[in-house]
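Visitor: Starting off with a structure, shown below.
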Amino acid sequence: MKTYQSSTKDKKKNFFKRHWQAFVVTASVLVVAAVITLSVVFTLPKSGPVDGVVVEPPTSGVDTEPKIVLPVEGAQIGLEYANEKLVYWETLKLWKVHPAIDFVGEGDVVAIRDGKVTDVELNTTLDGNVVTVEHDDGYVSVYKSLGSDIAVKVGDEVKAGDKLGVTSKSMMSELDTGAHLHLELKKDGKYVDPATVLPLNEDK
């Protein structure tokens with residue numbers, strides 16, 4: 001009986017002796033796996049907000065209104081838009097439509113919206129010096145009665161508020177108005193009242 005038990009113990013000892021390398025390799029693999037797992041867990045970025053860092057919301061796909069400014073600061077409104085009725089043109093001494101707003105006074109003339117200069121006309125017979133700017137959404141703004149010192153050329157990209165020129169008396173058909181800007185606005189080729197888009201009622 002004792003001999004049988006001694007033989008069993010010897011077999012167990014021999015088994016561990018024969019396979020000790022396998023046990024060591026298995027333990028090593030488990031340790032390495034645990035280290036790798038812990039390293040990955042502790043190096044993952046935090047999902048919450050980071051102190052001192054402001055995350056801006058995405059802007060793609062968000063509609064934003066275009067910036068629109070007055071073409072002449074501090075000017076008075078002269079002859080208003082009248083494309084569906086006749087108004088009296090003092091210089092020409094006749095009644096006709098007036099598809100524009102006149103901004104009366106001396107000062108710089110600026111682009112009312114971002115856009116591209118598509119035409120510059122100098123010394124036209126009745127409209128004086130003229131700059132045309134094409135905008136997005138089918139809008140086109142036309143600046144008449146500018147001085148001869150035009151600040152832009154055809155092909156220039158302009159931002160709202162960029163200088164185009166200065167007011168003057170170059171528009172012979174409105175000579176009696178004095179120095180002013182005659183601003184026309186079109187949408188898809190048709191005249192529209194600039195007052196519908198300009199910030200005329202906002203505090204300066």
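Note on naming: chains are A, B, ... as they come in the structure tokens, residues start from 1 per chain, ligands start from 1 in the order shown.
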Would you mind listing what lies within 6 Å of Val158 (chain A) as a list of chain:residue names, with only C-alpha atoms counted and same-chain residues fewer than 4 positions away left out?

Guide: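 The filter keeps A:Asp114, A:Gly115, A:Lys116.
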
Visitor: Can you spit out the residues from that selection as an mmCIF file, in the first residue's frame, using N, CA, C and O atoms?

Guide:
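Produced file result31.cif, reproduced below:
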```cif
data_model
loop_
_atom_site.group_PDB
_atom_site.id
_atom_site.type_symbol
_atom_site.label_atom_id
_atom_site.label_comp_id
_atom_site.auth_asym_id
_atom_site.auth_seq_id
_atom_site.Cartn_x
_atom_site.Cartn_y
_atom_site.Cartn_z
ATOM 1 N N ASP A 114 -20.666 89.699 -49.625
ATOM 2 C CA ASP A 114 -19.552 89.017 -50.279
ATOM 3 C C ASP A 114 -19.931 88.748 -51.729
ATOM 4 O O ASP A 114 -21.099 88.478 -52.045
ATOM 5 N N GLY A 115 -18.959 88.825 -52.613
ATOM 6 C CA GLY A 115 -19.249 88.543 -54.012
ATOM 7 C C GLY A 115 -18.036 88.721 -54.896
ATOM 8 O O GLY A 115 -16.899 88.830 -54.422
ATOM 9 N N LYS A 116 -18.291 88.779 -56.192
ATOM 10 C CA LYS A 116 -17.234 88.917 -57.187
ATOM 11 C C LYS A 116 -17.573 90.057 -58.137
ATOM 12 O O LYS A 116 -18.707 90.156 -58.624
#
```

Visitor: Find the spatial neighbours of Asp149 (chain A), counting only C-alpha atoms, within a cut-off of 10 Å - ignore same-chain residues fewer than 6 positions away - and output them as a PyMOL selection string.

Guide: chain A and resi 122+129+164-166

Visitor: Restricting the output to N, CA, C and O atoms, write the selected residues as a PDB file, in the first residue's frame.

Guide:
```pdb
ATOM      1  N   LEU A 122     -16.620 102.906 -66.800  1.00  0.00           N
ATOM      2  CA  LEU A 122     -16.182 104.263 -66.502  1.00  0.00           C
ATOM      3  C   LEU A 122     -16.811 105.255 -67.473  1.00  0.00           C
ATOM      4  O   LEU A 122     -16.889 105.001 -68.686  1.00  0.00           O
ATOM      5  N   ASN A 129     -19.793 106.391 -63.289  1.00  0.00           N
ATOM      6  CA  ASN A 129     -18.914 105.240 -63.093  1.00  0.00           C
ATOM      7  C   ASN A 129     -19.682 104.155 -62.331  1.00  0.00           C
ATOM      8  O   ASN A 129     -20.311 104.440 -61.300  1.00  0.00           O
ATOM      9  N   LEU A 164     -15.393  99.864 -52.674  1.00  0.00           N
ATOM     10  CA  LEU A 164     -15.492  99.810 -54.125  1.00  0.00           C
ATOM     11  C   LEU A 164     -15.108 101.138 -54.761  1.00  0.00           C
ATOM     12  O   LEU A 164     -14.566 101.181 -55.863  1.00  0.00           O
ATOM     13  N   GLY A 165     -15.410 102.232 -54.068  1.00  0.00           N
ATOM     14  CA  GLY A 165     -15.135 103.571 -54.585  1.00  0.00           C
ATOM     15  C   GLY A 165     -15.696 104.598 -53.628  1.00  0.00           C
ATOM     16  O   GLY A 165     -15.840 104.340 -52.428  1.00  0.00           O
ATOM     17  N   VAL A 166     -16.036 105.769 -54.167  1.00  0.00           N
ATOM     18  CA  VAL A 166     -16.629 106.841 -53.358  1.00  0.00           C
ATOM     19  C   VAL A 166     -17.839 107.406 -54.097  1.00  0.00           C
ATOM     20  O   VAL A 166     -17.977 107.262 -55.310  1.00  0.00           O
TER      21      VAL A 166
END
```

Visitor: Which polymer residues have any atom within 7 Å of an atom of region 109-111 of chain A, counting only C-alpha atoms, with same-chain residues fewer than 2 positions away left out, as a PyMOL selection string?

Guide: chain A and resi 71-72+107+113+159-167

Visitor: Quick one: distance from CA of Ile101 (chain A) to CA of Gly78 (chain A) in Å, one decimal?

Guide: 7.2 Å

Visitor: If we count only C-alpha atoms and set the cut-off at 12 Å, which residues sit around His135 (chain A), ignoring sequence neighbours fewer than 2 positions away in its own chain? Please answer as a list in words.

Guide: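 So, after excluding close chain neighbours, the residues are Pro66, Lys67, Ile68, Ala111, Ile112, Arg113, Asp114, Gly115, Lys116, Val117, Thr118, Thr132, Val133, Asp137, Gly138, Tyr139, Val140, Ser141, Val142, Glu157, Val158, Lys159, Ala160, Leu185, Lys186, Lys187 and Asp188 of chain A.
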
Visitor: Between CA of Tyr191 (chain A) and CA of Glu73 (chain A), what distance in Å does the model show, to one decimal?

Guide: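 If I compute the distance from CA of Tyr191 (chain A) to CA of Glu73 (chain A), I get 23.1 Å.
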
Visitor: Which distance in Å separates CA of Ala75 (chain A) and CA of Thr91 (chain A), to one decimal?

Guide: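 Separation between CA of Ala75 (chain A) and CA of Thr91 (chain A): 20.2 Å.
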